[in-house]
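*Asks:* One file: protein18.tsv (TSV, C-alpha atoms).
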chain	number	residue	atom	x	y	z
A	169	MET	CA	-200.70	62.91	-105.47
A	170	THR	CA	-197.50	62.23	-103.53
A	171	ALA	CA	-196.12	65.21	-101.63
A	172	PRO	CA	-192.63	66.26	-102.71
A	173	ALA	CA	-189.84	65.04	-100.49
A	174	GLN	CA	-188.60	67.61	-98.02
A	175	PRO	CA	-184.91	68.47	-98.26
A	176	PRO	CA	-182.86	67.39	-95.23
A	177	ALA	CA	-182.40	70.04	-92.58
A	178	THR	CA	-179.05	71.82	-92.62
A	179	PRO	CA	-177.07	70.96	-89.48
A	180	ASP	CA	-176.28	73.83	-87.15
A	181	LEU	CA	-172.56	73.67	-86.42
A	182	LEU	CA	-172.34	76.96	-84.53
A	183	TYR	CA	-172.56	77.50	-80.79
A	184	SER	CA	-175.49	79.39	-79.30
A	185	GLN	CA	-175.02	82.04	-76.62
A	186	ASP	CA	-176.44	79.64	-74.02
A	187	GLU	CA	-173.88	77.04	-75.04
A	188	GLU	CA	-171.06	79.56	-74.75
A	189	ASP	CA	-172.30	80.59	-71.30
A	190	LEU	CA	-172.34	76.93	-70.26
A	191	ARG	CA	-168.81	76.53	-71.62
A	192	SER	CA	-167.61	79.51	-69.57
A	193	ALA	CA	-169.11	78.10	-66.38
A	194	VAL	CA	-167.67	74.63	-66.89
A	195	ARG	CA	-164.24	75.96	-67.91
A	196	ALA	CA	-164.05	78.20	-64.85
A	197	LEU	CA	-164.98	75.33	-62.55
A	198	LEU	CA	-162.42	72.98	-64.09
A	199	ALA	CA	-159.71	75.64	-64.03
A	200	ASP	CA	-160.33	76.04	-60.30
A	201	ARG	CA	-160.80	72.38	-59.35
A	202	ALA	CA	-159.06	70.33	-62.06
A	203	ASP	CA	-155.87	72.07	-63.15
A	204	ALA	CA	-152.95	69.96	-64.35
A	205	PRO	CA	-151.23	69.40	-60.96
A	206	THR	CA	-154.56	68.40	-59.40
A	207	VAL	CA	-155.35	65.90	-62.16
A	208	ILE	CA	-151.86	64.39	-62.03
A	209	ALA	CA	-152.16	64.02	-58.26
A	210	ALA	CA	-155.57	62.38	-58.69
A	211	THR	CA	-154.10	59.70	-60.97
A	212	GLU	CA	-151.77	58.72	-58.11
A	213	SER	CA	-154.57	58.41	-55.55
A	214	ASP	CA	-157.08	55.65	-54.86
A	215	THR	CA	-160.06	57.94	-55.49
A	216	PRO	CA	-161.54	57.58	-59.00
A	217	TYR	CA	-162.67	61.20	-59.06
A	218	ASP	CA	-163.18	64.22	-56.81
A	219	PRO	CA	-166.68	64.01	-55.27
A	220	GLN	CA	-166.74	67.77	-54.65
A	221	LEU	CA	-165.87	68.53	-58.26
A	222	TRP	CA	-168.57	66.13	-59.42
A	223	ALA	CA	-171.12	67.69	-57.07
A	224	SER	CA	-170.34	71.16	-58.45
A	225	LEU	CA	-170.37	70.03	-62.07
A	226	ALA	CA	-173.39	67.74	-61.86
A	227	GLY	CA	-175.56	69.55	-59.34
A	228	GLY	CA	-174.19	73.08	-59.08
A	229	ILE	CA	-173.99	73.74	-62.81
A	230	GLY	CA	-176.66	71.16	-63.61
A	231	ALA	CA	-174.57	69.39	-66.24
A	232	ALA	CA	-175.65	65.89	-65.20
A	233	GLY	CA	-179.26	66.57	-66.13
A	234	LEU	CA	-178.78	68.24	-69.50
A	235	LEU	CA	-180.26	65.31	-71.43
A	236	VAL	CA	-183.04	64.66	-68.91
A	237	PRO	CA	-186.46	66.30	-69.44
A	238	GLU	CA	-187.64	68.73	-66.79
A	239	LYS	CA	-190.47	66.42	-65.75
A	240	PHE	CA	-187.84	64.01	-64.43
A	241	GLY	CA	-185.87	66.74	-62.68
A	242	GLY	CA	-183.40	67.49	-65.47
A	243	GLN	CA	-182.53	70.58	-67.48
A	244	GLY	CA	-184.41	69.60	-70.62
A	245	ALA	CA	-181.49	70.58	-72.86
A	246	SER	CA	-179.96	68.49	-75.65
A	247	HIS	CA	-176.89	66.68	-76.89
A	248	ARG	CA	-175.50	69.98	-78.14
A	249	GLU	CA	-175.13	71.30	-74.59
A	250	ALA	CA	-173.79	67.96	-73.34
A	251	ALA	CA	-171.21	68.09	-76.15
A	252	VAL	CA	-169.99	71.46	-74.87
A	253	VAL	CA	-169.45	69.98	-71.40
A	254	LEU	CA	-167.48	67.10	-72.90
A	255	GLU	CA	-165.33	69.49	-74.93
A	256	GLU	CA	-164.30	71.18	-71.70
A	257	LEU	CA	-163.76	67.87	-69.90
A	258	GLY	CA	-161.54	66.86	-72.81
A	259	ARG	CA	-159.58	70.11	-72.47
A	260	SER	CA	-158.85	69.37	-68.81
A	261	VAL	CA	-158.89	65.53	-68.91
A	262	ALA	CA	-160.61	65.83	-65.52
A	263	PRO	CA	-161.63	62.51	-63.94
A	264	ALA	CA	-165.44	62.64	-63.93
A	265	PRO	CA	-168.08	60.01	-64.81
A	266	TYR	CA	-169.91	62.39	-67.13
A	267	LEU	CA	-169.71	60.45	-70.38
A	268	THR	CA	-170.58	57.11	-68.83
A	269	SER	CA	-173.30	58.22	-66.41
A	270	SER	CA	-174.78	61.49	-67.69
A	271	VAL	CA	-174.68	60.48	-71.36
A	272	VAL	CA	-174.61	56.71	-71.98
A	273	ALA	CA	-176.52	55.47	-68.94
A	274	THR	CA	-178.93	58.41	-69.04
A	275	GLU	CA	-179.61	58.03	-72.76
A	276	THR	CA	-180.21	54.30	-72.29
A	277	LEU	CA	-182.79	54.98	-69.59
A	278	LEU	CA	-184.46	57.70	-71.67
A	279	ALA	CA	-184.80	55.28	-74.59
A	280	LEU	CA	-186.91	52.97	-72.42
A	281	GLY	CA	-189.68	55.57	-72.61
A	282	ALA	CA	-190.83	55.01	-69.03
A	283	GLU	CA	-193.00	57.78	-67.57
A	284	ASP	CA	-192.84	56.40	-64.04
A	285	GLY	CA	-191.47	53.44	-62.11
A	286	PRO	CA	-187.85	52.57	-61.28
A	287	ALA	CA	-186.37	53.80	-64.58
A	288	ALA	CA	-187.94	57.25	-64.20
A	289	ALA	CA	-186.88	57.43	-60.55
A	290	LEU	CA	-183.30	56.54	-61.45
A	291	LEU	CA	-183.29	59.19	-64.16
A	292	GLY	CA	-184.15	61.82	-61.56
A	293	GLU	CA	-181.30	60.68	-59.33
A	294	LEU	CA	-178.81	60.76	-62.20
A	295	ALA	CA	-180.02	64.20	-63.27
A	296	SER	CA	-179.35	65.65	-59.83
A	297	GLY	CA	-175.90	64.06	-59.65
A	298	ALA	CA	-176.86	62.35	-56.40
A	299	ARG	CA	-176.07	58.97	-57.95
A	300	THR	CA	-174.13	57.68	-60.93
A	301	ALA	CA	-174.77	54.71	-63.17
A	302	VAL	CA	-172.83	52.87	-65.85
A	303	LEU	CA	-173.86	50.54	-68.62
A	304	ALA	CA	-172.19	47.23	-67.77
A	305	VAL	CA	-170.59	46.57	-71.16
A	306	PRO	CA	-166.92	46.82	-72.19
A	307	PHE	CA	-165.87	50.40	-72.91
A	308	ALA	CA	-164.80	49.35	-76.41
A	309	THR	CA	-168.30	48.21	-77.42
A	310	PRO	CA	-169.47	50.01	-80.60
A	311	PRO	CA	-173.14	50.91	-81.13
A	312	ALA	CA	-173.48	48.09	-83.65
A	313	GLY	CA	-172.13	45.62	-81.10
A	314	ALA	CA	-174.87	46.03	-78.52
A	315	GLU	CA	-176.20	42.50	-79.02
A	316	ALA	CA	-172.72	41.00	-78.66
A	317	ALA	CA	-172.32	42.80	-75.32
A	318	LEU	CA	-175.22	40.97	-73.68
A	319	THR	CA	-174.25	39.47	-70.34
A	320	SER	CA	-176.10	37.81	-67.46
A	321	ARG	CA	-176.43	38.29	-63.76
A	322	ASP	CA	-173.93	35.47	-63.34
A	323	GLY	CA	-170.69	36.32	-65.08
A	324	THR	CA	-167.86	38.81	-65.52
A	325	VAL	CA	-167.71	41.87	-67.75
A	326	ARG	CA	-164.25	43.35	-68.20
A	327	GLY	CA	-163.26	46.86	-69.12
A	328	VAL	CA	-166.31	48.71	-67.77
A	329	ALA	CA	-165.46	52.41	-67.54
A	330	ASP	CA	-166.16	54.23	-64.26
A	331	ALA	CA	-167.66	51.11	-62.68
A	332	ALA	CA	-165.44	51.47	-59.61
A	333	ALA	CA	-167.36	54.53	-58.43
A	334	ALA	CA	-170.82	53.82	-59.87
A	335	ASP	CA	-173.85	53.45	-57.62
A	336	VAL	CA	-175.93	51.50	-60.14
A	337	LEU	CA	-175.05	49.05	-62.91
A	338	LEU	CA	-177.32	48.79	-65.94
A	339	VAL	CA	-176.93	45.17	-66.98
A	340	PRO	CA	-178.22	44.17	-70.44
A	341	THR	CA	-179.17	40.49	-70.60
A	342	ALA	CA	-181.09	38.22	-72.93
A	343	ASP	CA	-184.09	38.69	-70.61
A	344	GLY	CA	-183.97	42.49	-70.60
A	345	LEU	CA	-182.22	45.40	-68.90
A	346	TYR	CA	-181.66	45.19	-65.15
A	347	ALA	CA	-180.67	47.90	-62.68
A	348	VAL	CA	-178.30	46.33	-60.16
A	349	GLU	CA	-177.06	48.15	-57.08
A	350	ALA	CA	-173.27	48.20	-57.00
A	351	SER	CA	-173.42	47.54	-53.26
A	352	ASP	CA	-175.36	44.30	-53.76
A	353	PRO	CA	-173.60	41.30	-52.16
A	354	GLY	CA	-173.65	39.55	-55.51
A	355	VAL	CA	-171.59	42.30	-57.17
A	356	ALA	CA	-167.80	42.47	-57.15
A	357	VAL	CA	-165.99	45.33	-58.87
A	358	SER	CA	-162.26	44.77	-59.40
A	359	PRO	CA	-160.27	47.81	-60.61
A	360	LEU	CA	-158.02	47.24	-63.61
A	361	VAL	CA	-154.87	49.13	-64.54
A	362	PRO	CA	-155.87	51.26	-67.54
A	363	LEU	CA	-153.70	53.16	-69.98
A	364	ASP	CA	-155.71	56.31	-69.20
A	365	LEU	CA	-155.49	56.80	-65.45
A	366	THR	CA	-158.07	59.60	-65.57
A	367	ARG	CA	-160.85	57.19	-66.60
A	368	PRO	CA	-160.68	54.04	-64.46
A	369	LEU	CA	-161.72	50.66	-65.81
A	370	ALA	CA	-162.92	47.68	-63.82
A	371	ALA	CA	-164.02	44.09	-64.15
A	372	VAL	CA	-167.57	43.58	-62.89
A	373	THR	CA	-168.44	40.12	-61.60
A	374	LEU	CA	-172.08	39.28	-60.94
A	375	SER	CA	-172.98	36.23	-58.85
A	376	GLY	CA	-176.74	35.94	-58.71
A	377	ALA	CA	-177.09	39.62	-57.95
A	378	ALA	CA	-180.58	40.88	-57.33
A	379	GLY	CA	-181.72	43.47	-59.79
A	380	THR	CA	-184.76	45.41	-60.92
A	381	LEU	CA	-186.02	44.59	-64.40
A	382	LEU	CA	-186.42	47.88	-66.27
A	383	ALA	CA	-187.50	46.66	-69.71
A	384	ASP	CA	-187.96	43.54	-71.79
A	385	ALA	CA	-185.36	42.21	-74.21
A	386	ASP	CA	-186.53	44.02	-77.36
A	387	THR	CA	-186.94	47.39	-75.68
A	388	SER	CA	-183.65	47.13	-73.83
A	389	ALA	CA	-181.73	46.14	-76.99
A	390	THR	CA	-182.92	49.29	-78.72
A	391	ALA	CA	-182.15	51.37	-75.63
A	392	VAL	CA	-178.61	50.03	-75.29
A	393	ARG	CA	-177.90	50.77	-78.96
A	394	ARG	CA	-179.17	54.32	-78.47
A	395	GLY	CA	-177.05	54.78	-75.36
A	396	LEU	CA	-173.90	53.57	-77.12
A	397	LEU	CA	-174.68	55.72	-80.17
A	398	ALA	CA	-174.96	58.83	-77.99
A	399	GLY	CA	-171.75	57.87	-76.20
A	400	ALA	CA	-169.83	57.44	-79.45
A	401	GLY	CA	-171.24	60.65	-80.91
A	402	LEU	CA	-170.46	62.85	-77.92
A	403	LEU	CA	-167.09	61.19	-77.35
A	404	ALA	CA	-166.07	63.01	-80.54
A	405	SER	CA	-166.58	66.29	-78.67
A	406	GLU	CA	-164.29	65.10	-75.89
A	407	GLN	CA	-161.71	64.19	-78.53
A	408	LEU	CA	-162.14	67.66	-80.02
A	409	GLY	CA	-161.41	69.21	-76.62
A	410	ILE	CA	-158.26	67.11	-76.29
A	411	ALA	CA	-157.03	68.17	-79.72
A	412	GLU	CA	-157.80	71.85	-79.14
A	413	TRP	CA	-155.89	71.92	-75.85
A	414	CYS	CA	-152.91	70.15	-77.41
A	415	LEU	CA	-152.80	72.57	-80.34
A	416	THR	CA	-153.22	75.69	-78.18
A	417	GLU	CA	-150.61	74.57	-75.66
A	418	THR	CA	-148.12	73.59	-78.36
A	419	VAL	CA	-148.46	76.94	-80.15
A	420	ARG	CA	-147.99	78.77	-76.86
A	421	TYR	CA	-144.90	76.76	-75.93
A	422	THR	CA	-143.20	77.09	-79.31
A	423	ARG	CA	-143.65	80.87	-79.13
A	424	GLU	CA	-141.90	80.98	-75.77
A	425	ARG	CA	-139.17	78.39	-76.36
A	426	HIS	CA	-136.08	79.84	-78.06
A	427	GLN	CA	-133.26	78.24	-79.99
A	428	PHE	CA	-130.54	80.09	-81.88
A	429	ASN	CA	-132.01	83.29	-80.44
A	430	ARG	CA	-135.34	82.66	-82.21
A	431	PRO	CA	-138.70	81.23	-81.07
A	432	VAL	CA	-138.79	77.61	-82.25
A	433	GLY	CA	-142.30	78.26	-83.52
A	434	SER	CA	-140.84	80.54	-86.18
A	435	PHE	CA	-139.07	77.63	-87.90
A	436	GLN	CA	-140.79	76.82	-91.17
A	437	SER	CA	-141.05	73.08	-90.60
A	438	LEU	CA	-142.84	73.55	-87.27
A	439	LYS	CA	-145.14	76.16	-88.78
A	440	HIS	CA	-146.22	73.63	-91.39
A	441	ARG	CA	-146.86	70.94	-88.79
A	442	MET	CA	-148.96	73.20	-86.62
A	443	ALA	CA	-150.86	74.58	-89.61
A	444	GLN	CA	-151.71	71.05	-90.67
A	445	LEU	CA	-152.84	70.25	-87.15
A	446	TRP	CA	-155.02	73.37	-87.10
A	447	LEU	CA	-156.76	72.23	-90.28
A	448	GLU	CA	-157.41	68.83	-88.73
A	449	VAL	CA	-158.83	70.37	-85.56
A	450	VAL	CA	-161.16	72.65	-87.52
A	451	SER	CA	-162.44	69.64	-89.49
A	452	ALA	CA	-162.83	67.65	-86.28
A	453	ARG	CA	-164.94	70.46	-84.82
A	454	ALA	CA	-167.27	70.31	-87.81
A	455	ALA	CA	-167.60	66.51	-87.55
A	456	ALA	CA	-168.18	66.56	-83.78
A	457	ARG	CA	-170.74	69.36	-83.95
A	458	ASN	CA	-172.55	67.62	-86.78
A	459	ALA	CA	-172.83	64.45	-84.70
A	460	ALA	CA	-174.09	66.36	-81.65
A	461	ASP	CA	-176.62	68.26	-83.74
A	462	ALA	CA	-177.85	65.07	-85.43
A	463	LEU	CA	-178.37	63.42	-82.03
A	464	ALA	CA	-180.08	66.52	-80.64
A	465	THR	CA	-182.53	66.74	-83.56
A	466	HIS	CA	-183.10	62.96	-83.71
A	467	SER	CA	-182.01	63.04	-87.34
A	468	PRO	CA	-182.37	59.77	-89.28
A	469	ASP	CA	-178.78	60.39	-90.37
A	470	ALA	CA	-177.52	60.35	-86.77
A	471	PRO	CA	-175.83	56.90	-87.06
A	472	LEU	CA	-173.94	58.08	-90.14
A	473	ALA	CA	-173.00	61.40	-88.53
A	474	VAL	CA	-171.72	59.60	-85.43
A	475	ALA	CA	-169.73	57.10	-87.47
A	476	VAL	CA	-168.12	59.88	-89.52
A	477	ALA	CA	-167.26	61.86	-86.39
A	478	GLN	CA	-165.66	58.90	-84.65
A	479	ALA	CA	-163.83	57.72	-87.76
A	480	TYR	CA	-162.18	61.15	-88.03
A	481	CYS	CA	-161.93	62.64	-84.54
A	482	SER	CA	-160.17	59.64	-83.00
A	483	GLY	CA	-157.17	60.06	-85.27
A	484	VAL	CA	-157.07	63.85	-84.88
A	485	ALA	CA	-156.97	63.63	-81.08
A	486	VAL	CA	-154.15	61.09	-81.14
A	487	HIS	CA	-152.17	63.07	-83.72
A	488	ALA	CA	-152.59	66.32	-81.78
A	489	ALA	CA	-151.45	64.67	-78.54
A	490	GLU	CA	-148.44	63.07	-80.24
A	491	GLU	CA	-147.41	66.40	-81.74
A	492	CYS	CA	-147.88	68.07	-78.36
A	493	VAL	CA	-145.52	65.61	-76.67
A	494	GLN	CA	-142.91	65.78	-79.42
A	495	LEU	CA	-142.89	69.55	-79.97
A	496	HIS	CA	-142.54	70.15	-76.25
A	497	GLY	CA	-139.18	68.42	-76.48
A	498	GLY	CA	-137.76	66.90	-73.31
A	499	ILE	CA	-140.33	68.48	-71.00
A	500	GLY	CA	-143.11	66.76	-72.91
A	501	MET	CA	-141.73	63.40	-71.82
A	502	THR	CA	-141.87	64.16	-68.09
A	503	TRP	CA	-144.53	63.03	-65.65
A	504	GLU	CA	-144.89	66.56	-64.26
A	505	HIS	CA	-146.05	67.98	-67.60
A	506	PRO	CA	-149.67	67.10	-68.44
A	507	ALA	CA	-148.97	66.19	-72.10
A	508	HIS	CA	-148.87	62.48	-71.26
A	509	LEU	CA	-152.37	62.68	-69.77
A	510	TYR	CA	-153.75	63.92	-73.10
A	511	LEU	CA	-151.87	61.31	-75.11
A	512	LYS	CA	-153.16	58.51	-72.90
A	513	ARG	CA	-156.73	59.83	-72.95
A	514	ALA	CA	-156.59	60.22	-76.75
A	515	LYS	CA	-155.25	56.69	-77.19
A	516	ALA	CA	-157.86	55.21	-74.84
A	517	ASP	CA	-160.66	57.19	-76.49
A	518	SER	CA	-159.58	55.94	-79.92
A	519	ILE	CA	-160.94	52.48	-79.11
A	520	ALA	CA	-163.85	53.55	-76.87
A	521	TYR	CA	-167.31	52.78	-78.26
A	522	GLY	CA	-165.65	51.26	-81.31
A	523	SER	CA	-162.37	51.86	-83.08
A	524	ALA	CA	-161.97	54.26	-86.00
A	525	GLY	CA	-161.80	51.21	-88.27
A	526	SER	CA	-165.14	49.87	-87.07
A	527	HIS	CA	-166.73	53.27	-87.60
A	528	ARG	CA	-165.27	53.53	-91.11
A	529	GLN	CA	-166.88	50.17	-91.82
A	530	ALA	CA	-170.15	51.55	-90.46
A	531	VAL	CA	-169.86	54.57	-92.77
A	532	ALA	CA	-169.39	52.27	-95.74
A	533	GLU	CA	-172.40	50.18	-94.80
A	534	LEU	CA	-174.66	53.14	-94.04
A	535	ALA	CA	-173.66	54.98	-97.21
A	536	GLU	CA	-174.88	52.03	-99.28
A	537	LEU	CA	-178.37	52.24	-97.80
A	538	PRO	CA	-181.04	53.70	-100.10
A	539	ALA	CA	-182.16	57.21	-99.30
A	540	PRO	CA	-185.33	57.28	-97.12
What does this structure look like when you write it as structure tokens?
*Replies:*
Amino acid sequence: MTAPAQPPATPDLLYSQDEEDLRSAVRALLADRADAPTVIAATESDTPYDPQLWASLAGGIGAAGLLVPEKFGGQGASHREAAVVLEELGRSVAPAPYLTSSVVATETLLALGAEDGPAAALLGELASGARTAVLAVPFATPPAGAEAALTSRDGTVRGVADAAAADVLLVPTADGLYAVEASDPGVAVSPLVPLDLTRPLAAVTLSGAAGTLLADADTSATAVRRGLLAGAGLLASEQLGIAEWCLTETVRYTRERHQFNRPVGSFQSLKHRMAQLWLEVVSARAAARNAADALATHSPDAPLAVAVAQAYCSGVAVHAAEECVQLHGGIGMTWEHPAHLYLKRAKADSIAYGSAGSHRQAVAELAELPAP
């Protein structure tokens, strides 16, 4: 007799006390080391990110190893905790290679299933924050486009996020996944001028670079898809952080700014706009948390949850940033005010790991699949 099908587990969209404690630690660090003037100054420098901030975030707080099991030197946490870190990084738009190294590259290595050898050793280095790695594919590559992103050790890959400061490049080829040292003589990393100056892009040119083969073609293809899926899913949490900061800052400003002897936030039309934005942010939180929980629990519905989150959160982040710039009036258009940083990050994120349109297409395709 066939056992009755078990109902799907209800996703947990709330934050645990441990997650709130992690949020407090990360927010305090970013408030001290990555306030608005500091981030704006960083965009005008030649340094991709602050090494001291990264050392404190990755090693001091232990954020870099959240996804890495304890046996490899990590924290043994989950995507839920990593999502909290990305929410706070979105709130501050701090330049840090967390999404690319501690999520995408780390998840790709974890998916190889290696218990020892070079992949396991690299995982330990990434978990400690001593080194960073990036997946050498264009930042716009969606999870479903992993096969199309295959390259070779002789060629150029454009638009690789955080490649300028990475120690290791994970290069997916038709032969398998290679770990290539960024300092190898056969590697040339040329910085590009991105829209979002807080997340640098680069063109990576490989000319017969030596590399260490980590996995064969089939295993690496699955691993790259998993890495991109985690990146897209947790990017929604970064977009949530962007939207929350924009809403909070706009409400604060419109309470303080007066016209006709009244706070501009008391005008009915602005109340309606901010109320609508609040509803969008609340919905974005539910979508982002659902994606993080699905990834953390290895739910079979994780691809659908990620696609839904990206299809929705991308637009919310952009809308919130646009409203923030406009409702700040003239000051919102200045370089000194951080609103432009959030608008640029939101716009750049809206095409990272696939556009909202590509994720809507993924939702349509996944929704047509028969129930397992």
*Asks:* List the spatial neighbours of region 413-428 of chain A as a ChimeraX atom specification - criterion: any atom at most 7 Å away, only C-alpha atoms, same-chain residues fewer than 5 positions off excluded.
*Replies:* /A:259,433,488-489,492,495-496
*Asks:* At most 10 Å is the cut-off: for each residue in region 248-341 of chain A with any atom that close to an atom of region 210-224 of chain A, write down the nearest atom pair and the distance in Å rounded to one decimal, counting all atoms listed in the file, chain first then increasing number, as a Markdown table.
*Replies:*
| residue | atom | partner | partner_atom | distance |
| --- | --- | --- | --- | --- |
| A:Ala262 | CA | A:Tyr217 | CA | 8.2 |
| A:Pro263 | CA | A:Tyr217 | CA | 5.2 |
| A:Ala264 | CA | A:Tyr217 | CA | 5.8 |
| A:Pro265 | CA | A:Tyr217 | CA | 8.0 |
| A:Tyr266 | CA | A:Trp222 | CA | 8.7 |
| A:Ser296 | CA | A:Ala223 | CA | 8.9 |
| A:Gly297 | CA | A:Ala223 | CA | 6.5 |
| A:Ala298 | CA | A:Ala223 | CA | 7.9 |
| A:Asp330 | CA | A:Pro216 | CA | 7.8 |
| A:Ala331 | CA | A:Pro216 | CA | 9.6 |
| A:Ala332 | CA | A:Pro216 | CA | 7.3 |
| A:Ala333 | CA | A:Pro216 | CA | 6.6 |
*Asks:* Compare A:Gln185, A:Asp469, A:Val476, A:Ala485 by their minimum atom-to-atom distance to Val449 (chain A), counting only C-alpha atoms, and give me the closest one.
*Replies:*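 Of A:Gln185, A:Asp469, A:Val476, A:Ala485, the one nearest Val449 (chain A), counting only C-alpha atoms, is A:Ala485.
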*Asks:* Using CA of Asp203 (chain A) and CA of Val261 (chain A) as the two end points, give the distance in Å to one decimal.
*Replies:*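 The value is 9.2 Å.
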*Asks:* Counting all atoms listed in the file, find residues at most 10 Å from (-165.3, 74.3, -63.3) (file frame) and give them as a PyMOL selection string.
*Replies:* chain A and resi 191-203+221-222+224-225+228-229+256-257+260+262
*Asks:* Around all listed atoms of region 181-194 of chain A, padded 4 Å per side, what centre and edge lengths does the axis-aligned box have in Å to one decimal, as AutoDock Vina command-line options?
*Replies:*
--center_x -172.0 --center_y 77.9 --center_z -76.4 --size_x 16.8 --size_y 16.4 --size_z 28.0
*Asks:* Quick one: residues within 9 Å of (-181.7, 71.1, -68.4) (file frame), counting only C-alpha atoms, please, as a PyMOL selection string.
*Replies:* chain A and resi 230-238+241-246+295
*Asks:* With a distance cut-off of 12 Å and only C-alpha atoms, select the neighbouring residues of Gly313 (chain A), excluding the residue or stretch itself and same-chain residues fewer than 3 positions from it, and output the selection as a ChimeraX atom specification.
*Replies:* /A:305-310,316-318,389-390,392-397,521-523,526-527,530
*Asks:* Please, what distance in Å, to one decimal, runs between CA of Ser375 (chain A) and CA of Gly354 (chain A)?
*Replies:*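 Distance between the two atoms: 4.8 Å.
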*Asks:* Which neighbours of Arg513 (chain A) fall inside 9 Å, counting all atoms listed in the file, when residues of the same chain fewer than 3 positions from it are skipped, and could you give them as a ChimeraX atom specification?
*Replies:* /A:258,261,363-367,407,410,485-486,508-510,516-518
*Asks:* Provide the CA of Asp186 (chain A) to CA of Val271 (chain A) distance in Å, to one decimal place.
*Replies:* 19.4 Å
*Asks:* Excluding Pro353 (chain A) and residues on its chain fewer than 6 positions from it, collect all residues at most 12 Å away from it, counting only C-alpha atoms, and give them as a ChimeraX atom specification.
*Replies:* /A:373-379
*Asks:* Considering only C-alpha atoms, can you say which of A:Ala479, A:Ile208, A:Leu511, A:Ala532 comes closest to Val493 (chain A)?
*Replies:*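 Of the candidates, the smallest distance to Val493 (chain A) is held by A:Leu511.
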